[in-house]
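Text of my_file.txt, listed as compact mmCIF, C-alpha atoms:
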```txt
# COMPACT_ATOMS: atom_id res chain seq x y z
CA ALA S 1 -6.50 10.30 10.69
CA LEU S 2 -7.48 11.72 7.31
CA GLY S 3 -4.30 10.32 5.75
CA ARG S 4 -5.00 6.84 7.12
CA THR S 5 -8.64 7.00 5.96
CA LEU S 6 -7.65 7.91 2.43
CA ALA S 7 -4.71 5.49 2.33
CA ILE S 8 -6.08 2.21 3.67
CA GLY S 9 -9.72 2.55 4.67
CA PRO S 10 -12.91 2.19 2.59
CA ALA S 11 -12.51 5.81 1.49
CA GLY S 12 -9.07 4.91 0.17
CA SER S 13 -10.50 2.28 -2.15
CA ARG S 14 -13.09 4.77 -3.38
CA ALA S 15 -10.43 7.45 -3.78
CA ARG S 16 -8.25 5.26 -5.99
CA SER S 17 -11.22 4.24 -8.13
CA ALA S 18 -12.52 7.80 -8.43
CA ALA S 19 -9.07 9.17 -9.21
CA THR S 20 -8.63 6.56 -11.93
CA ARG S 21 -11.97 7.42 -13.51
CA SER S 22 -11.21 11.12 -13.31
CA ALA S 23 -7.76 10.62 -14.85
CA VAL S 24 -9.13 8.61 -17.77
CA LYS S 25 -11.60 11.40 -18.48
CA GLY S 26 -8.98 14.07 -18.01
CA GLY S 27 -11.18 15.70 -15.39
CA THR S 28 -13.54 17.00 -18.09
CA GLY S 29 -15.54 13.94 -19.02
CA GLN S 30 -13.57 13.60 -22.25
CA SER S 31 -10.72 11.17 -22.93
CA ASP S 32 -9.50 12.72 -26.20
CA GLY S 33 -6.06 14.27 -26.07
CA TYR S 34 -5.30 13.15 -22.53
CA ILE S 35 -2.02 11.58 -21.42
CA GLY S 36 -1.74 10.21 -17.88
CA LEU S 37 1.55 9.70 -16.04
CA LEU S 38 1.80 7.29 -13.13
CA ASP S 39 4.83 7.69 -10.87
CA ILE S 40 5.35 4.27 -9.29
CA PHE S 41 9.04 3.90 -8.53
CA GLY S 42 10.81 4.87 -5.34
CA ASN S 43 9.75 5.47 -1.75
CA GLU S 44 9.48 8.35 0.67
CA VAL S 45 12.59 7.99 2.82
CA PHE S 46 13.84 10.41 5.48
CA GLU S 47 16.41 10.21 8.22
CA THR S 48 13.52 9.27 10.52
CA ASN S 49 10.50 7.52 9.01
CA SER S 50 7.24 7.17 10.93
CA PHE S 51 3.61 6.18 10.43
CA GLU S 52 3.06 8.81 7.74
CA GLN S 53 5.87 7.43 5.58
CA LEU S 54 4.52 3.90 6.02
CA LEU S 55 1.13 4.96 4.65
CA ILE S 56 2.69 6.84 1.74
CA ASN S 57 4.94 3.91 0.84
CA TYR S 58 2.00 1.51 1.20
CA ALA S 59 0.12 3.62 -1.35
CA ASN S 60 3.19 3.43 -3.63
CA GLU S 61 3.15 -0.37 -3.32
CA LYS S 62 -0.53 -0.44 -4.35
CA LEU S 63 0.29 1.71 -7.39
CA GLN S 64 3.15 -0.62 -8.29
CA ALA S 65 0.85 -3.64 -8.08
CA HIS S 66 -1.73 -1.86 -10.24
CA PHE S 67 0.90 -1.06 -12.86
CA THR S 68 2.21 -4.64 -12.88
CA SER S 69 -1.30 -6.03 -13.25
CA THR S 70 -2.45 -3.71 -16.04
CA ALA S 71 0.77 -3.18 -17.99
CA ILE S 72 2.15 -6.73 -17.87
CA VAL S 73 -0.16 -9.43 -16.50
CA LEU S 74 -3.39 -8.39 -18.23
CA LEU S 75 -1.57 -7.57 -21.46
CA GLN S 76 0.05 -11.01 -21.58
CA GLN S 77 -3.31 -12.63 -20.87
CA GLU S 78 -4.82 -10.68 -23.76
CA TYR S 79 -2.04 -11.90 -26.07
CA GLU S 80 -2.77 -15.46 -25.01
CA ARG S 81 -6.52 -15.10 -25.64
CA GLU S 82 -5.90 -13.70 -29.11
CA GLU S 83 -3.22 -16.34 -29.78
CA LEU S 84 -0.69 -13.73 -30.80
CA PRO S 85 3.01 -14.63 -31.04
CA TRP S 86 4.89 -13.16 -28.09
CA GLY S 87 7.74 -13.86 -25.73
CA LYS S 88 6.88 -14.32 -22.04
CA ILE S 89 8.18 -11.48 -19.89
CA GLU S 90 9.86 -12.43 -16.62
CA PHE S 91 9.46 -9.67 -14.07
CA SER S 92 9.56 -8.91 -10.37
CA ASP S 93 6.42 -8.09 -8.45
CA ASN S 94 5.72 -6.75 -4.95
CA SER S 95 3.17 -9.28 -3.72
CA ASP S 96 5.39 -10.26 -0.78
CA VAL S 97 5.46 -6.65 0.46
CA LEU S 98 1.69 -6.26 0.13
CA TRP S 99 1.15 -9.51 2.01
CA LEU S 100 3.36 -8.17 4.78
CA LEU S 101 1.43 -4.90 4.97
CA GLU S 102 -2.18 -5.91 4.42
CA GLY S 103 -2.50 -9.70 4.31
CA ARG S 104 -4.95 -11.53 6.53
CA PRO S 105 -5.14 -12.72 9.20
CA VAL S 106 -1.72 -11.37 10.21
CA ALA S 107 -0.01 -8.31 8.72
CA ILE S 108 1.69 -5.16 9.93
CA LEU S 109 -1.45 -3.00 9.74
CA ALA S 110 -3.59 -5.69 11.37
CA THR S 111 -1.00 -6.10 14.13
CA LEU S 112 -1.05 -2.35 14.72
CA ASP S 113 -4.84 -2.38 15.03
CA ASP S 114 -4.67 -5.30 17.48
CA GLN S 115 -2.08 -3.52 19.61
CA CYS S 116 -4.29 -0.44 19.76
CA LEU S 117 -7.12 -2.57 21.17
CA GLN S 118 -5.01 -4.26 23.84
CA ALA S 119 -4.74 -2.59 27.23
CA GLY S 120 -1.21 -1.68 28.18
CA SER S 121 0.22 -1.91 24.68
CA THR S 122 3.04 0.45 23.77
CA ASP S 123 5.02 1.31 20.66
CA ALA S 124 7.72 -1.04 21.94
CA SER S 125 5.27 -3.92 22.31
CA PHE S 126 4.04 -3.24 18.77
CA VAL S 127 7.56 -3.47 17.36
CA ALA S 128 8.20 -6.62 19.41
CA ALA S 129 5.00 -8.17 18.02
CA LEU S 130 6.23 -7.47 14.49
CA TYR S 131 9.48 -9.30 15.09
CA THR S 132 7.61 -12.25 16.59
CA ALA S 133 5.24 -12.51 13.64
CA PHE S 134 7.42 -11.54 10.68
CA GLU S 135 11.04 -12.24 11.57
CA ALA S 136 11.28 -14.85 8.80
CA HIS S 137 9.30 -12.86 6.21
CA PRO S 138 11.41 -12.03 3.13
CA ALA S 139 10.21 -8.41 3.06
CA PHE S 140 10.84 -7.77 6.78
CA ALA S 141 14.22 -7.09 8.40
CA ALA S 142 15.85 -5.77 11.55
CA PRO S 143 17.88 -2.55 11.19
CA ARG S 144 21.50 -2.51 12.30
CA PHE S 145 20.72 -0.03 15.09
CA ASP S 146 17.76 0.52 17.43
CA ALA S 147 16.15 -2.79 16.52
CA ASP S 148 14.13 -2.68 19.75
CA SER S 149 12.24 0.40 18.59
CA SER S 150 12.35 0.24 14.80
CA PHE S 151 11.90 -2.16 11.90
CA THR S 152 12.80 -2.34 8.21
CA ILE S 153 10.58 -3.16 5.25
CA ARG S 154 12.14 -4.23 1.96
CA HIS S 155 9.88 -2.23 -0.33
CA PHE S 156 9.83 -2.73 -4.08
CA GLY S 157 11.84 0.49 -4.46
CA GLY S 158 14.31 -0.34 -1.69
CA GLU S 159 14.62 -0.73 2.07
CA VAL S 160 13.02 1.76 4.47
CA THR S 161 13.55 1.69 8.24
CA TYR S 162 10.63 2.92 10.34
CA ASP S 163 10.82 4.33 13.85
CA GLY S 164 7.95 2.75 15.80
CA SER S 165 7.61 5.73 18.16
CA GLY S 166 4.13 7.24 17.97
CA PHE S 167 2.61 4.51 15.80
CA LEU S 168 -0.13 3.58 18.29
CA LEU S 169 -1.12 7.17 19.03
CA LYS S 170 -1.29 8.09 15.34
CA ASN S 171 -3.26 4.97 14.48
CA LYS S 172 -5.84 5.72 17.21
CA ASP S 173 -6.41 9.22 15.88
CA SER S 174 -9.92 9.41 14.46
CA LEU S 175 -11.78 11.81 12.22
CA PHE S 176 -14.16 14.30 13.79
CA ALA S 177 -17.71 13.42 12.71
CA GLU S 178 -18.13 16.89 11.24
CA LEU S 179 -15.38 16.37 8.65
CA PRO S 180 -16.96 13.43 6.72
CA ALA S 181 -20.31 15.24 6.90
CA ALA S 182 -18.73 18.37 5.43
CA MET S 183 -17.06 16.35 2.68
CA ARG S 184 -20.36 14.69 1.76
CA ALA S 185 -21.86 18.17 1.36
CA SER S 186 -19.19 19.16 -1.16
CA SER S 187 -20.23 20.38 -4.59
CA CYS S 188 -17.56 18.10 -6.11
CA PRO S 189 -19.01 14.62 -6.84
CA MET S 190 -15.62 12.95 -6.43
CA VAL S 191 -15.13 14.38 -2.93
CA CYS S 192 -18.64 13.28 -1.96
CA SER S 193 -17.95 9.75 -3.18
CA LEU S 194 -14.84 9.44 -1.00
CA PHE S 195 -16.88 9.80 2.19
CA ALA S 196 -20.09 8.08 1.12
CA GLU S 197 -21.82 6.32 3.99
CA THR S 198 -21.31 2.63 3.28
CA ASN S 199 -20.65 -0.48 5.30
CA PRO S 200 -16.96 -0.78 6.22
CA VAL S 201 -14.97 -3.17 4.09
CA SER S 202 -11.98 -5.16 5.32
CA LEU S 203 -8.62 -5.25 3.64
CA PRO S 204 -8.44 -7.95 0.96
CA SER S 205 -7.38 -11.41 2.06
CA SER S 206 -5.02 -11.59 -0.89
CA VAL S 207 -3.35 -9.20 -3.25
CA GLY S 208 -4.07 -11.17 -6.38
CA PRO S 209 -2.57 -14.24 -7.95
CA LYS S 210 1.04 -15.03 -7.22
CA LEU S 211 3.25 -14.37 -10.21
CA ALA S 212 6.28 -16.21 -11.48
CA VAL S 213 8.97 -13.69 -10.66
CA ASN S 214 12.67 -13.15 -10.55
CA LYS S 215 13.86 -12.02 -7.12
CA ARG S 216 14.68 -8.35 -7.22
CA LYS S 217 18.05 -6.89 -6.34
CA GLY S 218 18.35 -3.16 -6.03
CA ALA S 219 19.03 -0.21 -3.82
CA ALA S 220 16.60 2.39 -2.57
CA ARG S 221 15.88 5.18 -5.01
```

Show me this structure written as structure tokens.
Amino acid sequence: ALGRTLAIGPAGSRARSAATRSAVKGGTGQSDGYIGLLDIFGNEVFETNSFEQLLINYANEKLQAHFTSTAIVLLQQEYEREELPWGKIEFSDNSDVLWLLEGRPVAILATLDDQCLQAGSTDASFVAALYTAFEAHPAFAAPRFDADSSFTIRHFGGEVTYDGSGFLLKNKDSLFAELPAAMRASSCPMVCSLFAETNPVSLPSSVGPKLAVNKRKGAAR
């Protein structure tokens, strides 16, 4: 429950923003002499991948999108504003994967939430709903084996096959009320900010402007 809250909920958005601010300041309030490294490539892939790996790889996709936006898109826009001579960079992005995971009104995470609200839903019905909704999606695929209980996502770093067993139970897991209260009482301002009492926010309806891209070809790393 804590992993889901920090990965995709309102606290997750605050965590990424707070972590970015802390990184820029080097954790001391000063930016002098600080070098930040952002590891964006690759996925977490095991012999069996479940809900936890999906959340981790979703976070990796968000980092990849952030890198693409800041290191390429915004930089090229700045060159255009300043009318500097430059050659346009053609690059691949991961907007199709993010649409599959978090787009509205239909996405994998939204489908999972819907299945958790429906009486009689099972992990098998969740996987079946994914195939019904996303069979033609370029970032979604059926694995060679156990397609009735698993599904494959073509992540930016490569394909990952997820076993749907336990997805509904793990998604229903909720935080005990005492934990957010304890976090808000922390002496660390960043920890307090992660669990600030605010109105819930929904996942974005888009992941930013579509980019002119070259289709990627690569193996999992």

*All residues 8 Å or closer to stretch 132-141 of chain S, only C-alpha atoms, same chain fewer than 4 positions away omitted, as a ChimeraX atom specification*: /S:96-97,100,106,128,151-155

Writing out the chosen residues with C-alpha atoms as a PDB file, in the coordinates of the input:
```pdb
ATOM      1  CA  ASP S  96       5.390 -10.260  -0.780  1.00  0.00           C
ATOM      2  CA  VAL S  97       5.460  -6.650   0.460  1.00  0.00           C
ATOM      3  CA  LEU S 100       3.360  -8.170   4.780  1.00  0.00           C
ATOM      4  CA  VAL S 106      -1.720 -11.370  10.210  1.00  0.00           C
ATOM      5  CA  ALA S 128       8.200  -6.620  19.410  1.00  0.00           C
ATOM      6  CA  PHE S 151      11.900  -2.160  11.900  1.00  0.00           C
ATOM      7  CA  THR S 152      12.800  -2.340   8.210  1.00  0.00           C
ATOM      8  CA  ILE S 153      10.580  -3.160   5.250  1.00  0.00           C
ATOM      9  CA  ARG S 154      12.140  -4.230   1.960  1.00  0.00           C
ATOM     10  CA  HIS S 155       9.880  -2.230  -0.330  1.00  0.00           C
TER      11      HIS S 155
END
```

Axis-aligned box over every listed atom of stretch 176-188 of chain S, padded by 3 Å per side: centre and edges in Å to one decimal, as lines of an AutoDock Vina configuration file?
```
center_x = -18.0
center_y = 16.9
center_z = 3.8
size_x = 13.7
size_y = 13.0
size_z = 25.9
```

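Near S:Thr111, within 10 Å and counting all atoms listed in the file, sit Leu101, Glu102, Pro105, Leu117, Phe126, Val127, Ala129, Leu130 and Ala133 of chain S; same-chain residues fewer than 6 positions away were not included.
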
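Taking atom CA of S:Ser50 and atom CA of S:Asp163 as endpoints, the distance between them is 5.4 Å.
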
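One distance worth recording is that between atom CA of S:Ser165 and atom CA of S:Asn49, which is 9.8 Å.
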